[in-house]
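Next comes coords.txt, with compact mmCIF, C-alpha atoms and all ligand atoms.
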```
# COMPACT_ATOMS: atom_id res chain seq x y z
CA MET A 125 8.68 -54.65 166.26
CA PRO A 126 10.41 -52.23 163.85
CA LEU A 127 11.07 -48.58 164.60
CA THR A 128 11.25 -46.05 161.77
CA ILE A 129 13.19 -42.84 162.28
CA PHE A 130 12.89 -39.85 159.98
CA PRO A 131 15.76 -37.39 159.52
CA SER A 132 15.71 -34.53 161.94
CA ALA A 133 17.23 -31.15 162.73
CA GLY A 134 17.21 -28.76 165.64
CA LEU A 135 16.89 -31.10 168.65
CA ARG A 136 16.15 -28.80 171.55
CA GLY A 137 15.01 -29.30 175.09
CA THR A 138 15.69 -30.66 178.55
CA ILE A 139 15.61 -34.41 179.09
CA THR A 140 15.54 -36.41 182.31
CA ILE A 141 17.54 -39.57 181.76
CA PRO A 142 16.04 -42.80 183.21
CA GLY A 143 17.76 -44.47 186.16
CA ASP A 144 21.11 -46.21 185.95
CA LYS A 145 20.75 -49.88 185.06
CA SER A 146 23.83 -51.08 186.94
CA ILE A 147 22.86 -49.18 190.10
CA SER A 148 19.26 -50.43 189.83
CA HIS A 149 20.44 -54.07 189.82
CA ARG A 150 22.85 -53.54 192.70
CA THR A 151 20.53 -51.56 194.95
CA ILE A 152 17.69 -54.05 194.71
CA ILE A 153 19.96 -57.05 195.37
CA LEU A 154 21.51 -55.36 198.41
CA ALA A 155 18.10 -54.15 199.64
CA ALA A 156 16.91 -57.77 199.43
CA LEU A 157 19.90 -58.87 201.56
CA ALA A 158 19.46 -56.03 204.06
CA GLU A 159 17.41 -56.32 207.22
CA GLY A 160 14.23 -54.26 207.11
CA THR A 161 12.46 -52.11 204.56
CA SER A 162 14.41 -50.21 201.91
CA TYR A 163 13.00 -47.53 199.59
CA LEU A 164 14.42 -47.23 196.08
CA ASN A 165 13.26 -44.19 194.10
CA ASP A 166 13.51 -43.61 190.34
CA TRP A 167 14.48 -47.25 189.90
CA LEU A 168 14.76 -48.30 186.25
CA PRO A 169 11.71 -50.29 185.03
CA ALA A 170 13.66 -51.83 182.14
CA GLY A 171 13.51 -55.43 180.90
CA ASP A 172 16.92 -56.31 182.36
CA CYS A 173 16.14 -54.89 185.80
CA ASN A 174 12.71 -56.49 185.88
CA ALA A 175 14.47 -59.85 185.49
CA THR A 176 16.30 -59.15 188.76
CA ILE A 177 13.02 -58.26 190.52
CA GLU A 178 11.41 -61.49 189.33
CA ALA A 179 14.37 -63.60 190.43
CA LEU A 180 14.49 -61.99 193.89
CA ARG A 181 10.74 -62.54 194.32
CA ALA A 182 11.24 -66.21 193.42
CA LEU A 183 13.90 -66.31 196.17
CA GLY A 184 11.29 -65.16 198.68
CA VAL A 185 11.79 -61.37 198.74
CA ARG A 186 8.69 -59.16 198.89
CA ILE A 187 9.00 -56.17 196.55
CA GLU A 188 6.25 -53.62 195.88
CA ALA A 189 6.02 -50.77 193.40
CA THR A 190 4.44 -47.67 194.98
CA ALA A 191 4.67 -45.34 191.98
CA GLN A 192 5.31 -46.13 188.38
CA SER A 193 5.78 -44.24 185.12
CA GLU A 194 7.20 -45.39 181.78
CA THR A 195 10.71 -44.43 182.90
CA ALA A 196 10.81 -44.67 186.70
CA THR A 197 9.49 -46.83 189.53
CA ASP A 198 9.53 -46.30 193.28
CA LEU A 199 10.07 -49.61 195.04
CA VAL A 200 9.67 -50.86 198.57
CA VAL A 201 11.90 -53.85 199.24
CA HIS A 202 11.30 -55.98 202.33
CA GLY A 203 14.82 -57.26 202.95
CA VAL A 204 15.21 -60.79 204.29
CA GLY A 205 18.75 -60.43 205.65
CA LEU A 206 21.92 -62.16 204.52
CA THR A 207 20.63 -65.61 205.46
CA GLY A 208 16.93 -65.16 204.65
CA LEU A 209 16.63 -66.15 200.97
CA SER A 210 14.71 -69.34 200.24
CA ALA A 211 15.17 -72.00 197.57
CA PRO A 212 13.27 -71.14 194.38
CA ALA A 213 10.63 -73.58 193.15
CA ALA A 214 11.85 -73.42 189.53
CA PRO A 215 14.84 -72.22 187.48
CA LEU A 216 15.30 -68.45 187.71
CA SER A 217 15.00 -66.74 184.33
CA CYS A 218 17.40 -63.83 183.90
CA HIS A 219 15.74 -63.07 180.52
CA GLY A 220 18.48 -61.36 178.49
CA SER A 221 20.28 -59.80 181.43
CA GLY A 222 23.93 -60.73 181.94
CA THR A 223 24.09 -58.48 185.01
CA THR A 224 21.20 -60.37 186.66
CA MET A 225 22.86 -63.73 186.02
CA ARG A 226 26.39 -62.81 187.07
CA LEU A 227 25.48 -60.78 190.17
CA LEU A 228 22.97 -63.36 191.40
CA ALA A 229 25.56 -66.11 190.84
CA GLY A 230 27.65 -64.35 193.50
CA VAL A 231 24.72 -64.23 195.93
CA LEU A 232 23.60 -67.82 195.30
CA ALA A 233 27.15 -69.13 195.82
CA GLY A 234 26.77 -68.40 199.55
CA GLN A 235 23.29 -69.87 200.16
CA ASN A 236 22.41 -73.21 201.74
CA PHE A 237 20.35 -74.37 198.74
CA SER A 238 20.68 -75.06 195.01
CA ALA A 239 19.24 -72.88 192.27
CA VAL A 240 19.42 -72.71 188.49
CA LEU A 241 20.02 -69.45 186.61
CA ASP A 242 18.87 -69.53 183.00
CA GLY A 243 17.92 -66.98 180.36
CA HIS A 244 16.84 -66.26 176.82
CA GLU A 245 18.72 -67.50 173.78
CA GLY A 246 20.97 -64.42 173.58
CA LEU A 247 22.05 -64.80 177.22
CA ARG A 248 22.68 -68.52 176.72
CA ARG A 249 25.44 -67.56 174.28
CA ARG A 250 27.31 -65.44 176.83
CA PRO A 251 30.36 -66.75 178.70
CA MET A 252 29.86 -67.62 182.37
CA SER A 253 33.16 -69.36 183.27
CA ARG A 254 34.41 -65.91 184.22
CA VAL A 255 32.12 -65.97 187.26
CA ALA A 256 31.99 -69.73 187.82
CA ARG A 257 35.78 -70.01 188.17
CA PRO A 258 36.32 -67.57 191.07
CA LEU A 259 33.09 -68.63 192.82
CA ARG A 260 34.24 -72.27 192.70
CA GLN A 261 37.56 -71.17 194.18
CA MET A 262 35.55 -69.67 197.04
CA GLY A 263 33.93 -73.08 197.62
CA ALA A 264 30.66 -73.00 195.64
CA ALA A 265 29.61 -75.92 193.43
CA ILE A 266 28.65 -74.63 189.97
CA ASP A 267 27.72 -76.59 186.86
CA THR A 268 27.58 -74.82 183.52
CA ASN A 269 26.72 -75.89 180.02
CA GLY A 270 30.30 -75.92 178.75
CA GLY A 271 30.95 -72.51 180.31
CA TYR A 272 27.56 -71.08 179.21
CA PRO A 273 24.13 -70.86 180.88
CA PRO A 274 22.22 -72.43 182.46
CA LEU A 275 24.19 -72.34 185.72
CA ARG A 276 23.31 -74.73 188.53
CA ILE A 277 24.68 -73.23 191.71
CA THR A 278 24.83 -75.16 194.95
CA GLY A 279 25.65 -72.73 197.70
CA LYS A 280 28.32 -73.71 200.24
CA THR A 281 30.18 -72.27 203.18
CA LEU A 282 32.52 -69.92 201.32
CA HIS A 283 36.03 -68.77 202.12
CA GLY A 284 37.73 -65.58 200.96
CA ILE A 285 40.11 -65.65 197.99
CA ASP A 286 42.68 -63.39 196.38
CA TYR A 287 41.66 -63.33 192.73
CA ALA A 288 43.30 -61.64 189.74
CA MET A 289 40.59 -61.05 187.11
CA PRO A 290 41.89 -61.78 183.61
CA ILE A 291 39.64 -59.07 182.10
CA PRO A 292 38.17 -55.95 183.75
CA SER A 293 34.45 -56.52 184.39
CA GLY A 294 32.02 -54.77 186.71
CA GLN A 295 29.81 -57.84 186.69
CA VAL A 296 32.50 -60.35 187.62
CA LYS A 297 33.97 -58.06 190.27
CA SER A 298 30.50 -57.56 191.76
CA ALA A 299 29.73 -61.30 191.77
CA ILE A 300 32.94 -61.94 193.75
CA LEU A 301 32.32 -59.05 196.18
CA LEU A 302 28.72 -60.20 196.76
CA ALA A 303 29.98 -63.73 197.45
CA GLY A 304 32.54 -62.11 199.76
CA LEU A 305 29.63 -60.99 201.98
CA PHE A 306 29.08 -64.68 202.82
CA ALA A 307 32.72 -65.81 202.99
CA ALA A 308 34.94 -66.51 205.95
CA GLY A 309 37.87 -64.10 205.78
CA LYS A 310 38.69 -61.29 203.39
CA THR A 311 38.21 -61.47 199.63
CA THR A 312 40.46 -59.50 197.29
CA VAL A 313 39.73 -58.83 193.62
CA ARG A 314 42.61 -57.54 191.48
CA GLN A 315 41.33 -55.77 188.38
CA PRO A 316 43.40 -55.27 185.24
CA GLY A 317 41.47 -52.01 184.65
CA PRO A 318 39.01 -49.69 186.39
CA ALA A 319 35.62 -51.44 185.98
CA ARG A 320 32.52 -49.63 187.30
CA ASP A 321 32.64 -49.32 191.09
CA HIS A 322 28.97 -48.93 192.07
CA THR A 323 28.96 -52.13 194.16
CA GLU A 324 31.89 -50.95 196.26
CA ARG A 325 30.29 -47.54 196.77
CA ILE A 326 26.96 -48.94 197.96
CA LEU A 327 28.59 -51.56 200.21
CA ASP A 328 30.73 -48.83 201.74
CA ALA A 329 27.64 -46.66 202.33
CA LEU A 330 26.04 -49.65 204.12
CA GLY A 331 29.00 -49.87 206.50
CA VAL A 332 30.72 -52.88 204.94
CA THR A 333 34.53 -52.65 205.04
CA VAL A 334 35.67 -52.33 201.42
CA GLU A 335 39.29 -51.26 200.95
CA THR A 336 40.48 -49.93 197.61
CA ASP A 337 44.17 -49.92 196.71
CA GLY A 338 44.46 -48.71 193.11
CA THR A 339 42.39 -51.22 191.17
CA ASN A 340 42.55 -53.87 193.93
CA ILE A 341 39.46 -54.20 196.11
CA THR A 342 39.23 -56.10 199.39
CA ILE A 343 35.96 -56.84 201.17
CA SER A 344 35.67 -58.06 204.75
CA PRO A 345 32.55 -60.07 205.60
CA PRO A 346 30.20 -57.83 207.61
CA GLU A 347 30.01 -58.41 211.36
CA HIS A 348 26.48 -56.97 211.50
CA PRO A 349 23.40 -57.36 209.29
CA LEU A 350 23.24 -54.99 206.29
CA PRO A 351 20.98 -52.07 207.26
CA ALA A 352 17.92 -51.17 205.18
CA PHE A 353 18.48 -47.99 203.16
CA ASN A 354 16.93 -45.33 200.92
CA PHE A 355 18.41 -44.65 197.50
CA THR A 356 17.42 -42.43 194.59
CA ILE A 357 18.83 -43.87 191.38
CA PRO A 358 20.63 -41.27 189.23
CA GLY A 359 20.25 -41.14 185.43
CA ASP A 360 22.26 -43.69 183.44
CA PHE A 361 25.25 -42.19 181.61
CA SER A 362 25.07 -45.09 179.14
CA SER A 363 21.52 -44.00 178.21
CA ALA A 364 22.46 -40.30 178.19
CA ALA A 365 25.13 -41.19 175.60
CA PHE A 366 22.47 -41.44 172.84
CA PRO A 367 20.90 -37.96 173.15
CA LEU A 368 24.39 -36.59 173.95
CA VAL A 369 25.80 -37.76 170.62
CA ALA A 370 22.57 -36.82 168.82
CA GLY A 371 22.92 -33.29 170.25
CA LEU A 372 26.50 -33.09 168.94
CA LEU A 373 25.70 -34.38 165.45
CA VAL A 374 22.19 -33.23 164.50
CA PRO A 375 22.40 -29.71 163.02
CA ASP A 376 21.22 -26.80 165.14
CA SER A 377 20.72 -28.79 168.37
CA HIS A 378 20.93 -27.71 171.98
CA LEU A 379 20.14 -30.28 174.68
CA ARG A 380 20.29 -30.37 178.43
CA LEU A 381 20.34 -33.80 180.10
CA THR A 382 19.54 -33.62 183.78
CA ASN A 383 20.49 -35.78 186.73
CA VAL A 384 23.10 -37.95 185.00
CA ASN A 385 25.50 -40.17 186.93
CA VAL A 386 29.04 -39.02 186.06
CA ASN A 387 31.01 -41.64 187.99
CA ASP A 388 34.50 -41.61 186.44
CA THR A 389 34.42 -45.38 185.88
CA ARG A 390 31.53 -44.80 183.45
CA THR A 391 32.31 -41.59 181.57
CA GLY A 392 35.10 -42.64 179.23
CA LEU A 393 32.91 -41.47 176.31
CA LEU A 394 33.07 -37.90 177.63
CA ASP A 395 36.88 -38.03 177.50
CA VAL A 396 36.79 -39.46 173.97
CA LEU A 397 34.26 -36.91 172.68
CA GLN A 398 36.34 -34.14 174.21
CA ALA A 399 39.42 -35.54 172.44
CA MET A 400 37.32 -35.44 169.24
CA GLY A 401 36.78 -31.72 169.74
CA ALA A 402 33.43 -31.66 171.54
CA ASN A 403 32.74 -29.22 174.32
CA ILE A 404 30.22 -30.78 176.70
CA THR A 405 29.46 -28.79 179.83
CA LEU A 406 28.88 -30.44 183.21
CA GLN A 407 26.71 -28.24 185.40
CA ASN A 408 25.40 -28.46 188.91
CA VAL A 409 27.83 -31.26 189.83
CA ARG A 410 26.66 -32.77 193.12
CA GLU A 411 26.74 -36.00 195.06
CA SER A 412 23.83 -38.26 195.92
CA THR A 413 24.14 -41.45 197.98
CA GLY A 414 27.84 -41.74 197.21
CA GLU A 415 27.60 -41.17 193.43
CA PRO A 416 28.54 -37.99 191.50
CA ILE A 417 25.72 -36.49 189.43
CA ALA A 418 25.57 -33.59 186.97
CA ASP A 419 23.49 -31.96 184.25
CA LEU A 420 25.10 -32.17 180.82
CA GLU A 421 24.68 -29.48 178.18
CA VAL A 422 25.53 -30.07 174.54
CA THR A 423 25.26 -28.16 171.26
CA THR A 424 26.02 -29.19 167.69
CA GLN A 425 29.76 -29.30 167.07
CA ALA A 426 32.33 -30.52 164.52
CA LEU A 427 34.20 -33.67 165.52
CA TYR A 428 37.58 -35.11 164.52
CA GLY A 429 38.79 -38.72 164.48
CA THR A 430 40.60 -40.13 167.50
CA GLU A 431 42.13 -43.29 168.96
CA VAL A 432 40.60 -45.29 171.80
CA GLY A 433 42.33 -48.12 173.68
CA GLY A 434 43.71 -49.23 177.05
CA ASP A 435 41.85 -48.33 180.26
CA LEU A 436 39.46 -46.04 178.39
CA VAL A 437 37.76 -49.11 176.91
CA VAL A 438 36.33 -50.43 180.20
CA ARG A 439 35.26 -46.88 181.19
CA MET A 440 33.01 -46.76 178.11
CA ILE A 441 32.40 -50.47 177.46
CA ASP A 442 28.72 -49.96 176.54
CA GLU A 443 29.25 -46.84 174.41
CA PHE A 444 31.04 -48.24 171.33
CA PRO A 445 28.00 -48.51 169.02
CA ILE A 446 27.17 -44.83 169.59
CA LEU A 447 30.86 -43.84 169.36
CA ALA A 448 30.93 -45.54 165.94
CA VAL A 449 27.99 -43.35 164.84
CA ALA A 450 29.81 -40.22 166.05
CA ALA A 451 32.94 -41.37 164.20
CA THR A 452 31.07 -41.65 160.87
CA GLN A 453 30.53 -37.88 161.12
CA ALA A 454 34.00 -36.99 162.45
CA LYS A 455 36.70 -35.76 160.14
CA GLY A 456 39.48 -38.32 159.74
CA ARG A 457 40.06 -41.80 161.11
CA THR A 458 38.80 -43.12 164.45
CA VAL A 459 40.45 -46.31 165.71
CA VAL A 460 39.22 -48.53 168.55
CA ARG A 461 41.50 -51.25 169.88
CA ASP A 462 41.83 -53.42 173.05
CA ALA A 463 38.05 -53.95 172.88
CA ALA A 464 37.69 -57.68 172.06
CA GLU A 465 35.25 -57.87 175.01
CA LEU A 466 32.68 -56.24 172.69
CA ARG A 467 32.41 -59.57 170.89
CA VAL A 468 30.66 -61.20 173.89
CA LYS A 469 28.10 -58.50 174.71
CA GLU A 470 24.37 -58.73 173.88
CA THR A 471 25.64 -59.48 170.38
CA ASP A 472 29.08 -59.41 168.75
CA ARG A 473 29.07 -55.62 168.95
CA ILE A 474 32.10 -55.19 166.70
CA LYS A 475 30.59 -57.19 163.86
CA ALA A 476 27.01 -55.96 164.26
CA THR A 477 27.95 -52.26 164.59
CA VAL A 478 30.24 -52.39 161.56
CA ASP A 479 27.77 -54.40 159.43
CA GLU A 480 24.71 -52.26 160.21
CA LEU A 481 26.38 -48.86 159.86
CA ARG A 482 27.93 -49.98 156.56
CA LYS A 483 24.38 -50.62 155.28
CA MET A 484 23.74 -46.91 155.89
CA GLY A 485 26.86 -45.82 154.00
CA GLY A 486 29.32 -45.68 156.90
CA GLN A 487 32.94 -46.57 156.15
CA LEU A 488 33.98 -48.99 158.85
CA ILE A 489 36.46 -51.86 159.06
CA SER A 490 36.41 -54.45 161.83
CA HIS A 491 39.44 -55.86 163.63
CA PRO A 492 39.60 -58.76 166.08
CA ASP A 493 39.77 -56.31 169.01
CA GLY A 494 38.00 -53.24 167.64
CA PHE A 495 37.19 -51.31 164.50
CA GLU A 496 38.13 -48.24 162.53
CA VAL A 497 35.87 -45.63 161.01
CA TYR A 498 36.56 -43.10 158.28
CA GLY A 499 34.57 -39.88 158.23
CA PRO A 500 32.77 -37.78 157.58
CA THR A 501 30.42 -39.83 155.42
CA PRO A 502 26.83 -39.00 154.55
CA LEU A 503 24.51 -41.73 155.82
CA HIS A 504 21.39 -42.91 153.99
CA GLY A 505 18.29 -44.45 155.47
CA THR A 506 17.66 -48.15 154.90
CA VAL A 507 16.49 -51.23 156.82
CA VAL A 508 18.90 -52.24 159.60
CA ASP A 509 18.71 -54.75 162.45
CA SER A 510 19.45 -54.46 166.17
CA ASP A 511 20.54 -58.12 166.29
CA GLY A 512 18.80 -58.23 169.69
CA ASP A 513 21.07 -55.52 171.13
CA HIS A 514 19.37 -52.55 172.80
CA ARG A 515 22.40 -50.28 172.55
CA LEU A 516 22.95 -51.02 168.87
CA ALA A 517 19.24 -50.32 168.21
CA MET A 518 19.51 -46.87 169.86
CA ALA A 519 22.80 -46.07 168.10
CA LEU A 520 21.13 -46.89 164.77
CA ALA A 521 18.22 -44.62 165.71
CA VAL A 522 20.67 -41.75 166.24
CA ALA A 523 22.29 -42.58 162.87
CA GLY A 524 18.76 -42.43 161.41
CA LEU A 525 18.37 -38.82 162.60
CA LEU A 526 21.36 -37.88 160.40
CA ALA A 527 20.55 -40.02 157.38
CA GLU A 528 18.97 -38.99 154.14
CA GLY A 529 15.62 -40.78 153.92
CA ASP A 530 13.99 -42.90 156.61
CA THR A 531 15.71 -45.65 158.60
CA THR A 532 13.85 -48.72 159.80
CA ILE A 533 15.39 -50.63 162.72
CA ARG A 534 14.20 -54.20 162.97
CA ASN A 535 13.98 -55.85 166.41
CA ALA A 536 13.84 -52.48 168.14
CA ARG A 537 11.65 -53.75 170.99
CA VAL A 538 14.88 -54.62 172.85
CA ILE A 539 15.43 -50.89 173.49
CA ALA A 540 13.20 -51.37 176.54
CA ASP A 541 15.89 -53.67 178.02
CA SER A 542 17.74 -50.55 179.18
CA PHE A 543 15.95 -47.36 178.05
CA PRO A 544 12.17 -47.44 178.45
CA GLY A 545 10.77 -44.21 177.03
CA PHE A 546 13.47 -43.82 174.36
CA THR A 547 10.90 -43.35 171.58
CA THR A 548 8.85 -40.96 173.73
CA MET A 549 12.03 -38.94 174.38
CA LEU A 550 12.73 -38.66 170.64
CA ARG A 551 9.16 -37.49 170.01
CA THR A 552 9.47 -34.90 172.79
CA LEU A 553 12.49 -33.51 170.93
CA GLY A 554 10.38 -33.17 167.79
CA VAL A 555 11.70 -36.26 165.98
CA GLU A 556 9.24 -38.02 163.69
CA VAL A 557 9.13 -41.68 164.67
CA ALA A 558 6.91 -44.55 163.54
CA ALA A 559 6.74 -47.45 165.98
C1 LIG B 1 27.76 -54.01 183.85
C2 LIG B 1 29.07 -54.23 183.45
C3 LIG B 1 29.47 -54.31 182.04
C4 LIG B 1 28.43 -53.67 181.13
C5 LIG B 1 27.02 -54.10 181.46
C6 LIG B 1 26.67 -53.76 182.88
C7 LIG B 1 27.45 -54.01 185.29
O1 LIG B 1 29.60 -55.67 181.69
O2 LIG B 1 28.74 -53.98 179.78
O3 LIG B 1 26.10 -53.46 180.58
O4 LIG B 1 26.36 -53.59 185.67
O5 LIG B 1 28.34 -54.42 186.05
P1 LIG B 1 30.96 -56.49 181.95
O6 LIG B 1 31.15 -56.63 183.40
O7 LIG B 1 30.72 -57.81 181.29
O8 LIG B 1 32.03 -55.69 181.29
```
Kindly present the structure from the file in structure tokens form.
Amino acid sequence: MPLTIFPSAGLRGTITIPGDKSISHRTIILAALAEGTSYLNDWLPAGDCNATIEALRALGVRIEATAQSETATDLVVHGVGLTGLSAPAAPLSCHGSGTTMRLLAGVLAGQNFSAVLDGHEGLRRRPMSRVARPLRQMGAAIDTNGGYPPLRITGKTLHGIDYAMPIPSGQVKSAILLAGLFAAGKTTVRQPGPARDHTERILDALGVTVETDGTNITISPPEHPLPAFNFTIPGDFSSAAFPLVAGLLVPDSHLRLTNVNVNDTRTGLLDVLQAMGANITLQNVRESTGEPIADLEVTTQALYGTEVGGDLVVRMIDEFPILAVAATQAKGRTVVRDAAELRVKETDRIKATVDELRKMGGQLISHPDGFEVYGPTPLHGTVVDSDGDHRLAMALAVAGLLAEGDTTIRNARVIADSFPGFTTMLRTLGVEVAA
């Protein structure tokens, strides 16, 4: 399904950003493992998260939606306890969701049954040895297809490990910590960089002992059942990134994005945009269920090229396609390095971002571990392709707002994997869109 974006000016208004995808996955998995009924509000009804619901239902968890809109769902989860999951009758499809597959691998490692985790073609190309290796060290039996899905996981009695992750990853860390819930003894994960810490925060709120020493995390298996809980999911900073950059680049714009999660492990893009000269205001900073939240206000501003590398990369791992769009409009050279991980996301995000933005007139060069962009360059509308990547599709839509002529994004249906209501949001801001 293609999406056509017409050039736009003067984006104005207040937008509520849909719920955080990472927190949606984690809360529903932990609610399923808790004892009793949990209530999750403003949960994200996106393709990726729905894959986690389906898989948990197939593992015997009763989950009901009590209220539903295009962008938010209220869920009631009838937790089965740490030992209450049941063997699924068929392979579990994770659709295109890497988070579903890697987090559930951690849970399944500690069960007393076997299950298969599979997914769509795009997911079948994503590396899974990074979770299989530590989970095997903990005692699980895991077969992969040469390091790729499907995964056949035979749960075992696990024991704690001390594991140094070769690359920083919120998914791998979470898989190990979730397996740590079922292990005898403590499990330590040593991270080479500060990957998102939502799992640790929720576990801590549920009374599980999680000790943090710099980037090293140690979990002790809980002595009591996990309690049921209530959680309101804050807006996803990775979704907010698209209107945020649009508000900076589209002439005469003024946007307010409400209720956005501003956890420091996620907001590397804010630091980079500030280094590029942007002034983004955080208002009404508050805390909700252990996560910092704020309203972001942005107006059109001139940007300058910058350099991104090191620990910043993991703190903005999903924001590189939209950063590349910002960089096409920034004066000077923007360089991204230390970001080879982008090559194994929903698509090869270095190649696809560079190729598609070049079609629109952007001046970009790819490198094995990043890319560079020269700006400012006028963009022109043309036909581009998401390559099955929701975040690239939305970045191209923002580029389309700035381009001369209309921009058609092929395979734009995938936007609903993380940001249902994206097209509706653009229309609310007065953008002309044909879908
Ligand atoms: C996620 C972690 C990141 C991110 C993904 C969601 C998570 O992946 O790209 O969109 O929820 O833990 P990696 O752990 O592979 O870096």
Which of A:Ser363, A:Thr333, A:Gln235, A:Ser162 sits closest to ligand LIG 1 (chain B) [using all atoms listed in the file]: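 Result for the nearest residue to ligand LIG 1 (chain B): A:Ser363.
If you look at atom CA of Asp321 of chain A and atom C5 of ligand LIG 1 (chain B), they are 12.1 Å away from each other.
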Residues of chain A within 10 Å of ligand LIG 1 (chain B): nearest atom pair and distance (Å, one decimal) for each, counting all atoms listed in the file, sorted by chain and number, as a tab-separated table?
```
residue	atom	partner	partner_atom	distance
A:Asp144	CA	B:LIG1	O4	9.1
A:Lys145	CA	B:LIG1	O4	6.8
A:Ser146	CA	B:LIG1	O4	3.8
A:Ile147	CA	B:LIG1	O4	7.2
A:Ser148	CA	B:LIG1	O4	8.8
A:His149	CA	B:LIG1	O4	7.2
A:Arg150	CA	B:LIG1	O4	7.9
A:Asp172	CA	B:LIG1	O3	9.8
A:Ser221	CA	B:LIG1	O3	8.6
A:Gly222	CA	B:LIG1	C5	7.3
A:Thr223	CA	B:LIG1	O4	5.4
A:Thr224	CA	B:LIG1	O4	8.6
A:Arg226	CA	B:LIG1	O6	8.6
A:Leu227	CA	B:LIG1	O5	8.1
A:Arg250	CA	B:LIG1	O7	9.5
A:Pro251	CA	B:LIG1	O7	9.3
A:Met252	CA	B:LIG1	O7	9.9
A:Arg254	CA	B:LIG1	O7	9.4
A:Ile291	CA	B:LIG1	O8	8.4
A:Pro292	CA	B:LIG1	O8	6.6
A:Ser293	CA	B:LIG1	O6	3.4
A:Gly294	CA	B:LIG1	O5	3.8
A:Gln295	CA	B:LIG1	O6	3.8
A:Val296	CA	B:LIG1	O6	5.8
A:Lys297	CA	B:LIG1	O6	7.6
A:Ser298	CA	B:LIG1	O5	6.9
A:Ala299	CA	B:LIG1	O5	9.1
A:Ala319	CA	B:LIG1	O8	7.3
A:Arg320	CA	B:LIG1	O5	6.5
A:Asp321	CA	B:LIG1	O5	8.4
A:His322	CA	B:LIG1	O5	8.2
A:Thr323	CA	B:LIG1	O5	8.4
A:Ser362	CA	B:LIG1	O3	8.6
A:Arg390	CA	B:LIG1	C4	9.7
A:Val437	CA	B:LIG1	O8	9.8
A:Val438	CA	B:LIG1	O8	6.9
A:Arg439	CA	B:LIG1	O8	9.4
A:Met440	CA	B:LIG1	O2	8.6
A:Ile441	CA	B:LIG1	O2	5.6
A:Asp442	CA	B:LIG1	O2	5.2
A:Glu443	CA	B:LIG1	O2	8.9
A:Glu465	CA	B:LIG1	O8	7.4
A:Leu466	CA	B:LIG1	O2	8.4
A:Val468	CA	B:LIG1	O7	8.1
A:Lys469	CA	B:LIG1	O2	6.8
A:Glu470	CA	B:LIG1	O3	8.7
A:Arg515	CA	B:LIG1	O3	9.4
A:Ser542	CA	B:LIG1	O3	9.0
```
Pick out the closest residue to Glu347 of chain A from this set: A:Ala308, A:Ala214, A:Ile141, A:Ala364. Count only C-alpha atoms. A:Ala308
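If you measure from each of A:Val185, A:Ile326, A:Val507, A:Ile152 to Cys173 of chain A using all atoms listed in the file, the closest one turns out to be A:Ile152.
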For Glu335 of chain A, the nearest of the candidates A:Thr471, A:Thr312, A:Asn408, A:Ser490, counting only C-alpha atoms: A:Thr312
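Among the candidates A:Asn236, A:Gln487, A:Thr477, A:Thr391, the one nearest to Thr501 of chain A when counting all atoms listed in the file is A:Gln487.
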Among the residues A:Asp530, A:Glu556, A:Asp493, A:Glu480, the one that comes closest to Leu516 of chain A [using only C-alpha atoms]: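 Distance minimum relative to Leu516 of chain A lands on A:Glu480.
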Please measure the separation of atom CA of Met289 of chain A and atom CA of Thr339 of chain A, giving the value in Å to one decimal.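 Atom CA of Thr339 of chain A lies 10.8 Å from atom CA of Met289 of chain A.
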Segment 145-149 of chain A: axis-aligned bounding box, 5 Å on each side, centre and edge lengths in Å, one decimal, as lines of an AutoDock Vina configuration file:
```
center_x = 21.5
center_y = -51.6
center_z = 187.6
size_x = 14.6
size_y = 14.9
size_z = 15.0
```
Using all atoms listed in the file, collect all residues at a distance of at most 9 Å from (35.8, -47.8, 169.5) as written in the file, then present them as a ChimeraX atom specification. /A:431-433,437,443-445,447-448,451,458-463,474,494-497
Could you work out how far atom CA of Ala517 of chain A lies from atom CA of Gly401 of chain A, giving the answer in Å with one decimal? 25.6 Å
Pick out the residues sitting within 8 Å of segment 536-541 of chain A, and hand them over as a ChimeraX atom specification; count only C-alpha atoms, and ignore anything fewer than 4 positions along from it in its own chain. /A:125-127,170-173,509-510,512-515,517-518,545-546
Contacts of Gly499 of chain A at 9 Å or less, counting all atoms listed in the file, minus same-chain residues fewer than 6 places along, as a ChimeraX atom specification? /A:428-429,451-458,486-487
Please identify all polymer residues within 12 Å of Gly414 of chain A, counting all atoms listed in the file, omitting same-chain residues fewer than 5 positions from it, and present them as a list in words. Ile147, Asp321, His322, Thr323, Glu324, Arg325, Ile326, Leu327, Asp328, Ala329, Leu330, Phe355, Thr356, Ile357, Pro358, Asn385, Val386 and Asn387 of chain A
Need the shell around Met484 of chain A: protein/DNA/RNA residues with any atom at most 12 Å away, counting all atoms listed in the file. Skip same-chain ones fewer than 4 positions apart. Format as a ChimeraX atom specification? /A:449,452,477-480,488,501-509,520-533
Point (40.5, -39.3, 173.3), cut-off 8 Å, counting only C-alpha atoms, residues as a ChimeraX atom specification: /A:395-400,430-432
